[in-house]
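Participant: Sending over a structure as structure tokens; questions will come in a sec.
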Amino acid sequence: MSTLEQADRLHHRDHAYYEELVSGAALGILTPDEHAELMAYLDTERGAVLRDDLAEFVEVAAALPLALDPPDVQPSAALRDRLQATIAGARIDGPAIPSAAPTHRPGLQRTSHPAGDAPRSIFDAEPQEVVAVAPVTPIERHPRFATNRTLTRALAAVLLVALLAASAFGGYQWAERNRPGPDDSMMAIALDFATPMPSDVVADLHYDPKTSLLMLSTRNMPAAPADHVYQVWLIGEDGPESAGMMGNTGFATMMASSGYKELAITVEPGPDGSPAPTTAPIVVASLEGLPS
Amino acid sequence: MELYDRYHRICFAVSYRILHDATMAEEAVQDTFLQVWNRASTFDRDRGSNVRGWILTILHHRSIDFRRRHIDRGPGLVALDDVDYRLAVPDAWAEVSATLTRDQVRAAIATLPPEQRRAIELAYFDGMTHGEIAAQEDIPLGTVKGRLRLGLKKLSTELRTLAAPPAPSQPQSPIDHTGRQGEHVGTS
């Protein structure tokens with residue numbers, strides 16, 4: 001029995017289920033799980049019959065835009081220039097995609113502008129007033145306080161170095177004394193890596209029931225691919241909730257409830273991650289049975 | 001830039017309809033044509049795929065992705081990537097898809113029952129998932145899926161019928177042995 005057939009039986013999926021997903025795929029509305037399931041099924045002997053349906057529906061969906069009326073807003077002439085410059089290798093700064101979502105639904109503010117003008121984004125900041133600063137009048141030093149500048153600078157440099165060294169050493173000692181380490185109350189949780197990690201990778205997951213703190217510490221973890229981040233998820237009854245991005249040496253979070261079943265880490269587009277996992281986990285850990 | 005000059009208006013119209021913001025729509029259009037530029041080598045015209053449909057598919061996904069991530073703050077959806085799109089286009093569509101007109105598409109859409117048309121509109125232009133459509137319309141999930149499938153199937157049939165070349169008509173008058181129409185050549 002193939003892996004997919006085992007999965008089918010496990011999830012009680014029949015051909016009709018996948019047939020119903022085909023139209024959603026053509027319209028681009030499948031969730032990541034649905035998409036993965038359908039693509040896997042299309043590769044099977046049974047599922048191959050749906051490939052023609054999918055291709056047909058993709059063509060139909062691509063025709064839908066033809067029914068639209070031209071909008072009352074036209075693209076700016078600058079768009080072509082930006083595109084041409086980007087393709088040619090130069091980069092012209094254009095309006096950036098806003099990183100924060102607006103607080104209103106689309107459609108409440110429709111921009112309208114004469115053709116040829118650059119459209120004003122609803123996220124454009126209001127222009128700031130520039131406040132003139134009066135020039136500083138130099139203070140004339142009284143001859144009594146004149147100093148040997150060279151000696152002063154040398155002494156200052158030595159003092160600065162000494163202070164930095166002392167600070168680093170003291171900081172190290174403080175960090176060592178205050179490093180949260182395993183004690184009798186801390187619970188170690190096993191991590192399950194999807195693929196073997198290099199032998200020098202160290203990863204420890206601990207949970208402190210006294211503080212409800214979940215801590216993952218790592219060393220020598222391979223960096224996430226360019227423009228991507230490691231995103232941590234806590235998975236409960238309602239599905240995955242983002243717990244944030246993992247740093248170079250680990251991650252920590254307060255677990256607000258004991259209802260989470262699993263922790264998972266995925267690779268997501270950076271720097272802000274994704275609202276929901278878009279890739280398979282690289283690491284998972286069971287959180288079931290942890291005390292609240 | 002020929003592709004841009006030819007298709008940027010329809011791309012902007014679609015993106016603007018989805019995003020309701022001209023700046024975001026321009027960004028989606030720009031991203032789309034950059035992607036088209038980068039993926040040009042992966043497009044296989046010989047397999048019957050049409051360029052306009054390919055570009056609009058990419059543009060649609062970019063726009064829905066922008067909308068869900070930056071406006072609706074919902075989970076991202078997955079569109080068919082290039083590999084998936086290079087499914088062999090059915091023979092019946094090879095001639096149809098590249099030549100469809102607005103009137104033909106509108107006429108086909110007009111044949112749909114209102115509920116099927118609504119479901120397709122919510123899915124395609126608002127990027128709503130099956131579950132979201134079911135919740136909004138207060139109908140079962142299976143009903144949503146059924147309406148989408150039946151709607152797309154009906155549109156496919158209608159579009160192929162509307163876009164099919166007209167059957168050759170009977171000649172209006174006999175053609176004489178010289179090949180000239182309109183003259184009756186008697187054999188008396």
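Going through the structure tokens in order, the chains are called A, B, and so on, while each chain numbers its residues from 1 and the ligands are numbered from 1 in the order shown.
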Leaving out region 56-61 of chain A and any residue of its chain fewer than 2 positions from it, which residues lie within 6 Å of it when counting only C-alpha atoms, given as a count of residues only?

Facilitator: 6

Participant: Give me, please, the distance in Å between CA of Gly289 (chain A) and CA of Met246 (chain A), quoted to one decimal.

Facilitator: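 Between CA of Gly289 (chain A) and CA of Met246 (chain A) the gap is 23.9 Å.
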
Participant: Which one is closest to Thr129 (chain B): A:Val229, A:Leu42, A:Leu21, A:Ile29? Count only C-alpha atoms.

Facilitator: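 Of A:Val229, A:Leu42, A:Leu21, A:Ile29, the one nearest Thr129 (chain B) is A:Ile29, counting only C-alpha atoms.
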
Participant: As an exercise, work out the distance from CA of Ala55 (chain A) to CA of Arg149 (chain B) in Å and give it to one decimal place.

Facilitator: 13.2 Å
